Amino acid sequence: MIIFRLIGESFRFAFDALRQNKLRTMLSLLAITIGIFTIIAVFSAVDTFRGKLQSSVDKLGSNTIYVQKWPWSFGDNYPWWKYMNRPQPSLRDFEALRERIENAQGVTFEISTNDRTIKYRSSSVEGISVWAASHDFNKTWNFELQDGRYFTENESKNGTPVCILGSDIAAGLFDEDEPVGKQVQILGRRLTVVGVFKKEGEDMLGTSLDKNVNIPISFAKGVLDIQNERYGPQITVRGKDNVSLEEVESELKGLMRSIHRIRPGQEEDFALNKTTIISNQLDSMFKMVNIAGWVIGGFSILVGGFSIANIMFVSVKERTNIIGIQKSLGAKNYFILLQFIFESISLCILGGLLGLLLVFLLALAIGAATDFHIILGLNNIALGIGISIIIGTISGFWPAYSASRLDPVEAIRS
């Protein structure tokens with residue numbers, strides 16, 4: 001109970017100091033406020049970006065590997081000359097992999113082409129993407145259908161002119177009409193709509209299916225040169241749930257080397273790309289941003305710490321006679337020490353809460369002006385308050401210690 005009374009009394013002293021010296025206290029708290037604002041604003045933005053990017057990466061699958069010509073790389077000095085003469089993944093590679101791989105739940109051959117136009121009667125939608133994939137696309141990609149069904153095995157095998165539409169395309173072509181069963185025109189052919197993808201919304205990596213049309217790869221063979229590099233042919237392999245990504249990658253590498261007849265010690269002529277490459281790059285990038293936030297905000301907090309220490313020294317000076325009276329009445333040194341430390345912490349928490357309020361208002365303003373909504377999470381709120389408590393403890397310790405060591409007689413005389 002004594003501790004709670006002490007904390008309550010310290011808060012009262014802190015707010016009395018704020019009320020009696022508003023300008024001085026607010027100027028001193030400004031640095032703490034700016035420091036907390038900078039750090040938490042950076043962390044909240046990074047967490048929001050990370051969450052959105054990671055959700056986009058998760059769509060690609062954490063246990064999925066992409067067999068492609070070009071390896072994914074995000075650094076400088078990309079050695080493109082080493083890869084330009086590599087062969088594109090082919091249908092022959094896909095067929096051989098599908099027959100021999102054991103640790104995969106799905107293997108697909110895929111191509112894509114952009115900026116196409118789809119028509120239905122007098123309506124049309126431009127700038128869409130057309131994806132052609134083999135039958136296991138529903139096993140290597142995470143999606144849901146809001147209407148209709150997926151391709152049957154016979155439709156995929158025989159190249160039946162059928163398609164699945166993205167939700168934005170379906171809304172643009174049919175408005176309120178039922179799209180399933182209707183015939184649309186794309187790539188100069190008429191295709192029957194058998195399904196509609198569930199609305200996903202925009203994401204950071206552009207992996208949404210909302211503006212995609214999916215068709216069987218067997219049908220695409222009669223319309224497009226599926227081995228052409230401009231269509232980005234690739235083989236997608238998703239491992240079984242009970243098998244680690246490393247095992248799937250090891251088996252896949254061995255099979256591809258065997259299929260391409262690469263001798264031991266000879267470099268591969270294919271790339272095995274996986275989402276962990278993107279995740280690791282994101283982690284390193286955001287780590288640098290976090291460090292920058294700590295550095296920028298740290299200077300403001302350091303200045304704020306000195307300001308709080310100055311306020312506390314002034315507070316000790318102004319209340320020296322009160323300290324003398326308290327000690328003469330039996331107050332222990334630790335009581336005086338904790339009283340001023342709690343007062344310093346109270347001031348810092350006040351500055352931290354102002355900084356968090358500014359972050360919240362900034363997030364609301366950005367969300368109202370754009371579609372990007374920054375989330376001020378509980379972890380960042382706790383971090384801001386925790387930093388305030390630490391700075392308050394450090395800044396207030398020496399003034400509180402000097403107050404606790406005062407001689408009661410000399411203090412009353414002052």
# chains A, B, ... in the order shown; residues from 1 in each chain; ligands from 1
$ residues_around --residues "Met26 in chain A" --least-positions-apart "4" --cutoff "12 Å" --atoms "only C-alpha atoms" --output "ChimeraX atom specification"
/A:15,17-22,30-34,304,307-308,311,347-348,350-351,354
$ write_last_selection --atoms "N, CA, C and O atoms" --output "PDB file, in the first residue's frame"
ATOM      1  N   PHE A  15       2.348  16.167 -12.023  1.00  0.00           N
ATOM      2  CA  PHE A  15       1.337  16.994 -12.677  1.00  0.00           C
ATOM      3  C   PHE A  15       1.296  18.398 -12.081  1.00  0.00           C
ATOM      4  O   PHE A  15       0.953  19.359 -12.771  1.00  0.00           O
ATOM      5  N   ALA A  17       4.029  19.961 -11.128  1.00  0.00           N
ATOM      6  CA  ALA A  17       5.140  20.619 -11.829  1.00  0.00           C
ATOM      7  C   ALA A  17       4.734  21.014 -13.236  1.00  0.00           C
ATOM      8  O   ALA A  17       5.100  22.082 -13.740  1.00  0.00           O
ATOM      9  N   LEU A  18       3.946  20.121 -13.884  1.00  0.00           N
ATOM     10  CA  LEU A  18       3.480  20.417 -15.246  1.00  0.00           C
ATOM     11  C   LEU A  18       2.521  21.596 -15.229  1.00  0.00           C
ATOM     12  O   LEU A  18       2.589  22.483 -16.104  1.00  0.00           O
ATOM     13  N   ARG A  19       1.654  21.649 -14.236  1.00  0.00           N
ATOM     14  CA  ARG A  19       0.661  22.719 -14.185  1.00  0.00           C
ATOM     15  C   ARG A  19       1.301  24.065 -13.833  1.00  0.00           C
ATOM     16  O   ARG A  19       0.945  25.106 -14.383  1.00  0.00           O
ATOM     17  N   GLN A  20       2.290  24.053 -12.933  1.00  0.00           N
ATOM     18  CA  GLN A  20       2.905  25.297 -12.492  1.00  0.00           C
ATOM     19  C   GLN A  20       3.927  25.833 -13.491  1.00  0.00           C
ATOM     20  O   GLN A  20       4.154  27.038 -13.562  1.00  0.00           O
ATOM     21  N   ASN A  21       4.552  24.933 -14.256  1.00  0.00           N
ATOM     22  CA  ASN A  21       5.586  25.357 -15.218  1.00  0.00           C
ATOM     23  C   ASN A  21       5.297  24.700 -16.569  1.00  0.00           C
ATOM     24  O   ASN A  21       6.055  23.857 -17.059  1.00  0.00           O
ATOM     25  N   LYS A  22       4.145  25.082 -17.138  1.00  0.00           N
ATOM     26  CA  LYS A  22       3.670  24.385 -18.345  1.00  0.00           C
ATOM     27  C   LYS A  22       4.675  24.463 -19.480  1.00  0.00           C
ATOM     28  O   LYS A  22       5.020  23.446 -20.109  1.00  0.00           O
ATOM     29  N   LEU A  30       9.233  17.588 -25.019  1.00  0.00           N
ATOM     30  CA  LEU A  30       9.140  17.552 -26.481  1.00  0.00           C
ATOM     31  C   LEU A  30      10.128  16.566 -27.089  1.00  0.00           C
ATOM     32  O   LEU A  30       9.795  15.833 -28.022  1.00  0.00           O
ATOM     33  N   ALA A  31      11.347  16.542 -26.549  1.00  0.00           N
ATOM     34  CA  ALA A  31      12.354  15.638 -27.106  1.00  0.00           C
ATOM     35  C   ALA A  31      11.954  14.181 -26.891  1.00  0.00           C
ATOM     36  O   ALA A  31      12.118  13.339 -27.791  1.00  0.00           O
ATOM     37  N   ILE A  32      11.435  13.846 -25.696  1.00  0.00           N
ATOM     38  CA  ILE A  32      10.954  12.490 -25.441  1.00  0.00           C
ATOM     39  C   ILE A  32       9.821  12.146 -26.400  1.00  0.00           C
ATOM     40  O   ILE A  32       9.785  11.059 -26.999  1.00  0.00           O
ATOM     41  N   THR A  33       8.898  13.086 -26.583  1.00  0.00           N
ATOM     42  CA  THR A  33       7.757  12.861 -27.475  1.00  0.00           C
ATOM     43  C   THR A  33       8.216  12.594 -28.908  1.00  0.00           C
ATOM     44  O   THR A  33       7.755  11.653 -29.562  1.00  0.00           O
ATOM     45  N   ILE A  34       9.150  13.435 -29.391  1.00  0.00           N
ATOM     46  CA  ILE A  34       9.653  13.262 -30.764  1.00  0.00           C
ATOM     47  C   ILE A  34      10.396  11.938 -30.900  1.00  0.00           C
ATOM     48  O   ILE A  34      10.246  11.218 -31.899  1.00  0.00           O
ATOM     49  N   GLY A 304      16.076  14.214 -24.649  1.00  0.00           N
ATOM     50  CA  GLY A 304      14.946  14.235 -23.723  1.00  0.00           C
ATOM     51  C   GLY A 304      15.331  13.771 -22.340  1.00  0.00           C
ATOM     52  O   GLY A 304      14.847  14.300 -21.333  1.00  0.00           O
ATOM     53  N   SER A 307      16.928  16.539 -20.584  1.00  0.00           N
ATOM     54  CA  SER A 307      15.919  17.543 -20.219  1.00  0.00           C
ATOM     55  C   SER A 307      15.150  17.124 -18.978  1.00  0.00           C
ATOM     56  O   SER A 307      14.888  17.938 -18.084  1.00  0.00           O
ATOM     57  N   ILE A 308      14.785  15.832 -18.907  1.00  0.00           N
ATOM     58  CA  ILE A 308      14.068  15.338 -17.742  1.00  0.00           C
ATOM     59  C   ILE A 308      14.954  15.427 -16.496  1.00  0.00           C
ATOM     60  O   ILE A 308      14.503  15.814 -15.403  1.00  0.00           O
ATOM     61  N   ILE A 311      14.886  18.941 -15.290  1.00  0.00           N
ATOM     62  CA  ILE A 311      13.639  19.239 -14.584  1.00  0.00           C
ATOM     63  C   ILE A 311      13.691  18.696 -13.161  1.00  0.00           C
ATOM     64  O   ILE A 311      13.285  19.351 -12.193  1.00  0.00           O
ATOM     65  N   LEU A 347       6.739  11.755 -15.773  1.00  0.00           N
ATOM     66  CA  LEU A 347       6.932  12.752 -16.828  1.00  0.00           C
ATOM     67  C   LEU A 347       7.293  12.086 -18.158  1.00  0.00           C
ATOM     68  O   LEU A 347       6.796  12.474 -19.222  1.00  0.00           O
ATOM     69  N   CYS A 348       8.175  11.088 -18.094  1.00  0.00           N
ATOM     70  CA  CYS A 348       8.576  10.403 -19.325  1.00  0.00           C
ATOM     71  C   CYS A 348       7.415   9.631 -19.947  1.00  0.00           C
ATOM     72  O   CYS A 348       7.266   9.590 -21.170  1.00  0.00           O
ATOM     73  N   LEU A 350       4.332  10.436 -19.712  1.00  0.00           N
ATOM     74  CA  LEU A 350       3.482  11.459 -20.323  1.00  0.00           C
ATOM     75  C   LEU A 350       4.011  11.831 -21.707  1.00  0.00           C
ATOM     76  O   LEU A 350       3.242  11.923 -22.683  1.00  0.00           O
ATOM     77  N   GLY A 351       5.339  12.039 -21.799  1.00  0.00           N
ATOM     78  CA  GLY A 351       5.926  12.330 -23.109  1.00  0.00           C
ATOM     79  C   GLY A 351       5.761  11.173 -24.077  1.00  0.00           C
ATOM     80  O   GLY A 351       5.477  11.370 -25.273  1.00  0.00           O
ATOM     81  N   LEU A 354       2.211  11.020 -25.403  1.00  0.00           N
ATOM     82  CA  LEU A 354       2.011  12.048 -26.440  1.00  0.00           C
ATOM     83  C   LEU A 354       2.595  11.587 -27.774  1.00  0.00           C
ATOM     84  O   LEU A 354       1.996  11.794 -28.837  1.00  0.00           O
TER      85      LEU A 354
END
$ residues_around --residues "range 260-276 of chain A" --least-positions-apart "3" --cutoff "7 Å" --atoms "only C-alpha atoms" --output "ChimeraX atom specification"
/A:57,62,64-72,86,256-257,279-280
$ write_last_selection --atoms "N, CA, C and O atoms" --output "JSON list (two decimals), in the first residue's frame"
[["chain", "number", "residue", "atom", "x", "y", "z"],
["A", 57, "VAL", "N", 3.91, -13.11, -49.76],
["A", 57, "VAL", "CA", 4.86, -14.22, -49.92],
["A", 57, "VAL", "C", 4.20, -15.54, -49.54],
["A", 57, "VAL", "O", 4.42, -16.58, -50.19],
["A", 62, "SER", "N", 5.04, -21.57, -48.47],
["A", 62, "SER", "CA", 6.31, -21.68, -47.75],
["A", 62, "SER", "C", 7.04, -22.96, -48.10],
["A", 62, "SER", "O", 8.23, -23.09, -47.80],
["A", 64, "THR", "N", 7.14, -24.28, -51.30],
["A", 64, "THR", "CA", 7.04, -24.29, -52.76],
["A", 64, "THR", "C", 8.38, -23.87, -53.37],
["A", 64, "THR", "O", 9.02, -22.94, -52.90],
["A", 65, "ILE", "N", 8.77, -24.55, -54.44],
["A", 65, "ILE", "CA", 10.01, -24.25, -55.15],
["A", 65, "ILE", "C", 9.67, -24.03, -56.63],
["A", 65, "ILE", "O", 8.85, -24.76, -57.21],
["A", 66, "TYR", "N", 10.30, -23.02, -57.22],
["A", 66, "TYR", "CA", 10.06, -22.67, -58.61],
["A", 66, "TYR", "C", 11.29, -23.00, -59.44],
["A", 66, "TYR", "O", 12.38, -22.46, -59.18],
["A", 67, "VAL", "N", 11.13, -23.88, -60.43],
["A", 67, "VAL", "CA", 12.21, -24.21, -61.34],
["A", 67, "VAL", "C", 12.15, -23.22, -62.50],
["A", 67, "VAL", "O", 11.20, -23.23, -63.29],
["A", 68, "GLN", "N", 13.16, -22.35, -62.58],
["A", 68, "GLN", "CA", 13.17, -21.29, -63.58],
["A", 68, "GLN", "C", 14.55, -21.16, -64.21],
["A", 68, "GLN", "O", 15.52, -21.78, -63.74],
["A", 69, "LYS", "N", 14.63, -20.34, -65.23],
["A", 69, "LYS", "CA", 15.91, -20.09, -65.89],
["A", 69, "LYS", "C", 16.76, -19.14, -65.07],
["A", 69, "LYS", "O", 17.97, -19.36, -64.90],
["A", 70, "TRP", "N", 16.15, -18.09, -64.54],
["A", 70, "TRP", "CA", 16.89, -17.03, -63.85],
["A", 70, "TRP", "C", 16.74, -17.18, -62.34],
["A", 70, "TRP", "O", 15.62, -17.27, -61.83],
["A", 71, "PRO", "N", 17.83, -17.17, -61.58],
["A", 71, "PRO", "CA", 17.73, -17.21, -60.12],
["A", 71, "PRO", "C", 17.29, -15.86, -59.57],
["A", 71, "PRO", "O", 17.61, -14.81, -60.14],
["A", 72, "TRP", "N", 16.54, -15.89, -58.49],
["A", 72, "TRP", "CA", 16.14, -14.65, -57.84],
["A", 72, "TRP", "C", 17.33, -14.05, -57.12],
["A", 72, "TRP", "O", 18.07, -14.74, -56.41],
["A", 86, "ARG", "N", 21.09, -20.35, -70.57],
["A", 86, "ARG", "CA", 20.42, -21.50, -69.99],
["A", 86, "ARG", "C", 19.13, -21.82, -70.76],
["A", 86, "ARG", "O", 18.47, -20.91, -71.28],
["A", 256, "MET", "N", 16.51, -32.84, -61.50],
["A", 256, "MET", "CA", 16.75, -31.92, -62.62],
["A", 256, "MET", "C", 18.14, -32.13, -63.22],
["A", 256, "MET", "O", 18.32, -32.05, -64.44],
["A", 257, "ARG", "N", 19.13, -32.38, -62.39],
["A", 257, "ARG", "CA", 20.47, -32.67, -62.92],
["A", 257, "ARG", "C", 20.44, -33.96, -63.75],
["A", 257, "ARG", "O", 21.11, -34.06, -64.79],
["A", 279, "SER", "N", 11.86, -13.78, -48.18],
["A", 279, "SER", "CA", 11.71, -13.52, -46.74],
["A", 279, "SER", "C", 13.02, -13.06, -46.12],
["A", 279, "SER", "O", 13.04, -12.11, -45.32],
["A", 280, "ASN", "N", 14.12, -13.71, -46.46],
["A", 280, "ASN", "CA", 15.42, -13.33, -45.91],
["A", 280, "ASN", "C", 15.82, -11.93, -46.36],
["A", 280, "ASN", "O", 16.39, -11.16, -45.58]]
$ residues_around --residues "Gly35 in chain A" --least-positions-apart "2" --cutoff "8 Å" --atoms "only C-alpha atoms" --output "mmCIF file with N, CA, C and O atoms, in the first residue's frame"
data_model
loop_
_atom_site.group_PDB
_atom_site.id
_atom_site.type_symbol
_atom_site.label_atom_id
_atom_site.label_comp_id
_atom_site.auth_asym_id
_atom_site.auth_seq_id
_atom_site.Cartn_x
_atom_site.Cartn_y
_atom_site.Cartn_z
ATOM 1 N N ALA A 31 11.347 16.542 -26.549
ATOM 2 C CA ALA A 31 12.354 15.638 -27.106
ATOM 3 C C ALA A 31 11.954 14.181 -26.891
ATOM 4 O O ALA A 31 12.118 13.339 -27.791
ATOM 5 N N ILE A 32 11.435 13.846 -25.696
ATOM 6 C CA ILE A 32 10.954 12.490 -25.441
ATOM 7 C C ILE A 32 9.821 12.146 -26.400
ATOM 8 O O ILE A 32 9.785 11.059 -26.999
ATOM 9 N N THR A 33 8.898 13.086 -26.583
ATOM 10 C CA THR A 33 7.757 12.861 -27.475
ATOM 11 C C THR A 33 8.216 12.594 -28.908
ATOM 12 O O THR A 33 7.755 11.653 -29.562
ATOM 13 N N PHE A 37 7.889 9.114 -30.846
ATOM 14 C CA PHE A 37 7.144 9.192 -32.109
ATOM 15 C C PHE A 37 7.954 8.614 -33.261
ATOM 16 O O PHE A 37 7.444 7.822 -34.061
ATOM 17 N N THR A 38 9.223 8.997 -33.369
ATOM 18 C CA THR A 38 10.064 8.535 -34.471
ATOM 19 C C THR A 38 10.242 7.016 -34.440
ATOM 20 O O THR A 38 10.026 6.327 -35.449
ATOM 21 N N ILE A 39 10.615 6.490 -33.279
ATOM 22 C CA ILE A 39 10.880 5.056 -33.170
ATOM 23 C C ILE A 39 9.615 4.238 -33.427
ATOM 24 O O ILE A 39 9.613 3.294 -34.228
ATOM 25 N N ILE A 296 17.858 7.514 -35.223
ATOM 26 C CA ILE A 296 17.232 8.847 -35.307
ATOM 27 C C ILE A 296 16.459 9.161 -34.029
ATOM 28 O O ILE A 296 16.609 10.228 -33.431
ATOM 29 N N GLY A 297 15.626 8.197 -33.604
ATOM 30 C CA GLY A 297 14.846 8.427 -32.387
ATOM 31 C C GLY A 297 15.703 8.438 -31.142
ATOM 32 O O GLY A 297 15.374 9.124 -30.158
ATOM 33 N N GLY A 298 16.821 7.689 -31.166
ATOM 34 C CA GLY A 298 17.688 7.607 -29.987
ATOM 35 C C GLY A 298 18.294 8.940 -29.616
ATOM 36 O O GLY A 298 18.427 9.264 -28.426
ATOM 37 N N PHE A 299 18.671 9.739 -30.635
ATOM 38 C CA PHE A 299 19.241 11.063 -30.343
ATOM 39 C C PHE A 299 18.206 11.954 -29.648
ATOM 40 O O PHE A 299 18.521 12.675 -28.692
ATOM 41 N N SER A 300 16.962 11.904 -30.128
ATOM 42 C CA SER A 300 15.914 12.715 -29.501
ATOM 43 C C SER A 300 15.660 12.254 -28.074
ATOM 44 O O SER A 300 15.491 13.072 -27.155
ATOM 45 N N ILE A 301 15.646 10.943 -27.866
ATOM 46 C CA ILE A 301 15.414 10.413 -26.517
ATOM 47 C C ILE A 301 16.568 10.775 -25.584
ATOM 48 O O ILE A 301 16.364 11.073 -24.404
ATOM 49 N N GLY A 304 16.076 14.214 -24.649
ATOM 50 C CA GLY A 304 14.946 14.235 -23.723
ATOM 51 C C GLY A 304 15.331 13.771 -22.340
ATOM 52 O O GLY A 304 14.847 14.300 -21.333
ATOM 53 N N GLY A 355 3.790 10.930 -27.718
ATOM 54 C CA GLY A 355 4.390 10.404 -28.939
ATOM 55 C C GLY A 355 3.538 9.323 -29.575
ATOM 56 O O GLY A 355 3.341 9.305 -30.805
#
$ select_by_dssp --residues "range 37-229 of chain A" --states "strand (DSSP E or B)" --output "VMD selection string"
chain A and resid 64 to 68 104 to 120 123 to 133 145 to 148 162 to 165 183 to 186 189 to 197 212 to 216
$ write_last_selection --atoms "C-alpha atoms" --output "PDB file, in the first residue's frame"
ATOM      1  CA  THR A  64       7.044 -24.292 -52.757  1.00  0.00           C
ATOM      2  CA  ILE A  65      10.008 -24.253 -55.153  1.00  0.00           C
ATOM      3  CA  TYR A  66      10.058 -22.667 -58.614  1.00  0.00           C
ATOM      4  CA  VAL A  67      12.214 -24.214 -61.341  1.00  0.00           C
ATOM      5  CA  GLN A  68      13.170 -21.287 -63.583  1.00  0.00           C
ATOM      6  CA  ALA A 104       5.787 -33.361 -53.890  1.00  0.00           C
ATOM      7  CA  GLN A 105       2.048 -33.040 -53.494  1.00  0.00           C
ATOM      8  CA  GLY A 106       1.770 -31.090 -56.738  1.00  0.00           C
ATOM      9  CA  VAL A 107       3.855 -30.240 -59.826  1.00  0.00           C
ATOM     10  CA  THR A 108       2.712 -27.760 -62.493  1.00  0.00           C
ATOM     11  CA  PHE A 109       4.041 -26.246 -65.694  1.00  0.00           C
ATOM     12  CA  GLU A 110       2.994 -22.603 -65.991  1.00  0.00           C
ATOM     13  CA  ILE A 111       3.263 -19.636 -68.340  1.00  0.00           C
ATOM     14  CA  SER A 112       1.721 -16.176 -68.210  1.00  0.00           C
ATOM     15  CA  THR A 113       1.074 -13.318 -70.587  1.00  0.00           C
ATOM     16  CA  ASN A 114       0.021  -9.786 -69.622  1.00  0.00           C
ATOM     17  CA  ASP A 115      -1.874  -6.825 -71.055  1.00  0.00           C
ATOM     18  CA  ARG A 116      -4.508  -8.928 -72.775  1.00  0.00           C
ATOM     19  CA  THR A 117      -8.158  -8.028 -73.430  1.00  0.00           C
ATOM     20  CA  ILE A 118     -11.136 -10.244 -72.633  1.00  0.00           C
ATOM     21  CA  LYS A 119     -14.588  -9.682 -74.166  1.00  0.00           C
ATOM     22  CA  TYR A 120     -18.131 -10.775 -73.519  1.00  0.00           C
ATOM     23  CA  SER A 123     -18.325  -5.618 -72.611  1.00  0.00           C
ATOM     24  CA  SER A 124     -14.553  -5.895 -72.344  1.00  0.00           C
ATOM     25  CA  VAL A 125     -11.819  -5.689 -69.716  1.00  0.00           C
ATOM     26  CA  GLU A 126      -8.277  -4.645 -70.681  1.00  0.00           C
ATOM     27  CA  GLY A 127      -4.899  -5.109 -69.043  1.00  0.00           C
ATOM     28  CA  ILE A 128      -5.560  -8.589 -67.686  1.00  0.00           C
ATOM     29  CA  SER A 129      -3.109 -11.462 -67.177  1.00  0.00           C
ATOM     30  CA  VAL A 130      -3.628 -14.905 -68.689  1.00  0.00           C
ATOM     31  CA  TRP A 131      -2.098 -17.832 -66.807  1.00  0.00           C
ATOM     32  CA  ALA A 132      -1.879 -21.236 -68.410  1.00  0.00           C
ATOM     33  CA  ALA A 133      -1.099 -24.117 -66.076  1.00  0.00           C
ATOM     34  CA  LEU A 145     -13.436 -20.172 -55.752  1.00  0.00           C
ATOM     35  CA  GLN A 146     -16.439 -17.994 -55.059  1.00  0.00           C
ATOM     36  CA  ASP A 147     -18.436 -19.542 -57.880  1.00  0.00           C
ATOM     37  CA  GLY A 148     -18.253 -22.588 -60.133  1.00  0.00           C
ATOM     38  CA  VAL A 162     -12.481 -23.475 -70.533  1.00  0.00           C
ATOM     39  CA  CYS A 163     -11.305 -20.792 -68.127  1.00  0.00           C
ATOM     40  CA  ILE A 164     -11.543 -19.489 -64.574  1.00  0.00           C
ATOM     41  CA  LEU A 165     -11.954 -15.725 -64.153  1.00  0.00           C
ATOM     42  CA  GLN A 183     -18.549 -17.883 -73.273  1.00  0.00           C
ATOM     43  CA  VAL A 184     -15.887 -15.175 -73.344  1.00  0.00           C
ATOM     44  CA  GLN A 185     -13.388 -14.278 -76.042  1.00  0.00           C
ATOM     45  CA  ILE A 186      -9.672 -14.129 -75.293  1.00  0.00           C
ATOM     46  CA  ARG A 189     -10.678 -17.933 -79.076  1.00  0.00           C
ATOM     47  CA  ARG A 190     -13.974 -18.547 -77.314  1.00  0.00           C
ATOM     48  CA  LEU A 191     -13.753 -20.155 -73.894  1.00  0.00           C
ATOM     49  CA  THR A 192     -16.444 -21.298 -71.480  1.00  0.00           C
ATOM     50  CA  VAL A 193     -16.289 -19.922 -67.939  1.00  0.00           C
ATOM     51  CA  VAL A 194     -16.353 -22.756 -65.390  1.00  0.00           C
ATOM     52  CA  GLY A 195     -15.377 -20.845 -62.241  1.00  0.00           C
ATOM     53  CA  VAL A 196     -14.612 -17.494 -60.602  1.00  0.00           C
ATOM     54  CA  PHE A 197     -11.784 -16.889 -58.121  1.00  0.00           C
ATOM     55  CA  ASN A 212      -6.232 -13.156 -63.920  1.00  0.00           C
ATOM     56  CA  VAL A 213      -7.732 -15.630 -66.343  1.00  0.00           C
ATOM     57  CA  ASN A 214      -6.578 -19.217 -65.900  1.00  0.00           C
ATOM     58  CA  ILE A 215      -6.662 -21.698 -68.773  1.00  0.00           C
ATOM     59  CA  PRO A 216      -5.347 -25.275 -69.194  1.00  0.00           C
TER      60      PRO A 216
END
$ select_by_dssp --residues "range 203-398 of chain A" --states "alpha helix (DSSP H)" --output "PyMOL selection string"
chain A and resi 217-220+245-259+275-318+320-328+333-369+378-398
$ closest_residue --among "A:Ser402, A:Ser167, A:Ser328, A:Ser208" --to "Pro179 in chain A" --atoms "only C-alpha atoms"
A:Ser167
$ closest_residue --among "A:Val180, A:Ala41, A:Leu337, A:Ile412" --to "Trp398 in chain A" --atoms "only C-alpha atoms"
A:Leu337
$ atom_distance --atom1 "CA of Ile389 in chain A" --atom2 "CA of Ser344 in chain A"
8.7 Å
$ closest_residue --among "A:Gly305, A:Tyr231, A:Phe335, A:Val237" --to "Ser28 in chain A" --atoms "only C-alpha atoms"
A:Gly305
$ decode --residues "range 51-56 of chain A" --atoms "all heavy atoms" --output "PDB file, in the first residue's frame"
ATOM      1  N   GLY A  51       4.083  -7.217 -42.624  1.00  0.00           N
ATOM      2  CA  GLY A  51       2.899  -8.073 -42.602  1.00  0.00           C
ATOM      3  C   GLY A  51       2.259  -8.215 -43.971  1.00  0.00           C
ATOM      4  O   GLY A  51       1.884  -9.320 -44.375  1.00  0.00           O
ATOM      5  N   LYS A  52       2.143  -7.085 -44.686  1.00  0.00           N
ATOM      6  CA  LYS A  52       1.529  -7.134 -46.021  1.00  0.00           C
ATOM      7  C   LYS A  52       2.400  -7.911 -47.006  1.00  0.00           C
ATOM      8  O   LYS A  52       1.904  -8.704 -47.811  1.00  0.00           O
ATOM      9  CB  LYS A  52       1.275  -5.708 -46.533  1.00  0.00           C
ATOM     10  CG  LYS A  52       0.164  -4.980 -45.793  1.00  0.00           C
ATOM     11  CD  LYS A  52      -0.060  -3.605 -46.371  1.00  0.00           C
ATOM     12  CE  LYS A  52      -1.205  -2.888 -45.649  1.00  0.00           C
ATOM     13  NZ  LYS A  52      -2.501  -3.534 -45.914  1.00  0.00           N
ATOM     14  N   LEU A  53       3.717  -7.659 -46.969  1.00  0.00           N
ATOM     15  CA  LEU A  53       4.618  -8.384 -47.862  1.00  0.00           C
ATOM     16  C   LEU A  53       4.662  -9.867 -47.523  1.00  0.00           C
ATOM     17  O   LEU A  53       4.667 -10.725 -48.425  1.00  0.00           O
ATOM     18  CB  LEU A  53       6.024  -7.780 -47.796  1.00  0.00           C
ATOM     19  CG  LEU A  53       6.211  -6.441 -48.499  1.00  0.00           C
ATOM     20  CD1 LEU A  53       7.567  -5.843 -48.154  1.00  0.00           C
ATOM     21  CD2 LEU A  53       6.076  -6.580 -50.009  1.00  0.00           C
ATOM     22  N   GLN A  54       4.680 -10.182 -46.229  1.00  0.00           N
ATOM     23  CA  GLN A  54       4.748 -11.583 -45.835  1.00  0.00           C
ATOM     24  C   GLN A  54       3.476 -12.327 -46.234  1.00  0.00           C
ATOM     25  O   GLN A  54       3.537 -13.497 -46.625  1.00  0.00           O
ATOM     26  CB  GLN A  54       4.973 -11.704 -44.330  1.00  0.00           C
ATOM     27  CG  GLN A  54       5.368 -13.108 -43.874  1.00  0.00           C
ATOM     28  CD  GLN A  54       6.667 -13.585 -44.509  1.00  0.00           C
ATOM     29  OE1 GLN A  54       7.671 -12.886 -44.488  1.00  0.00           O
ATOM     30  NE2 GLN A  54       6.631 -14.776 -45.099  1.00  0.00           N
ATOM     31  N   SER A  55       2.321 -11.664 -46.136  1.00  0.00           N
ATOM     32  CA  SER A  55       1.079 -12.311 -46.566  1.00  0.00           C
ATOM     33  C   SER A  55       1.092 -12.569 -48.069  1.00  0.00           C
ATOM     34  O   SER A  55       0.561 -13.585 -48.537  1.00  0.00           O
ATOM     35  CB  SER A  55      -0.132 -11.446 -46.201  1.00  0.00           C
ATOM     36  OG  SER A  55      -0.117 -10.217 -46.904  1.00  0.00           O
ATOM     37  N   SER A  56       1.719 -11.652 -48.837  1.00  0.00           N
ATOM     38  CA  SER A  56       1.874 -11.881 -50.272  1.00  0.00           C
ATOM     39  C   SER A  56       2.808 -13.052 -50.536  1.00  0.00           C
ATOM     40  O   SER A  56       2.560 -13.884 -51.416  1.00  0.00           O
ATOM     41  CB  SER A  56       2.413 -10.621 -50.957  1.00  0.00           C
ATOM     42  OG  SER A  56       1.554  -9.535 -50.771  1.00  0.00           O
TER      43      SER A  56
END
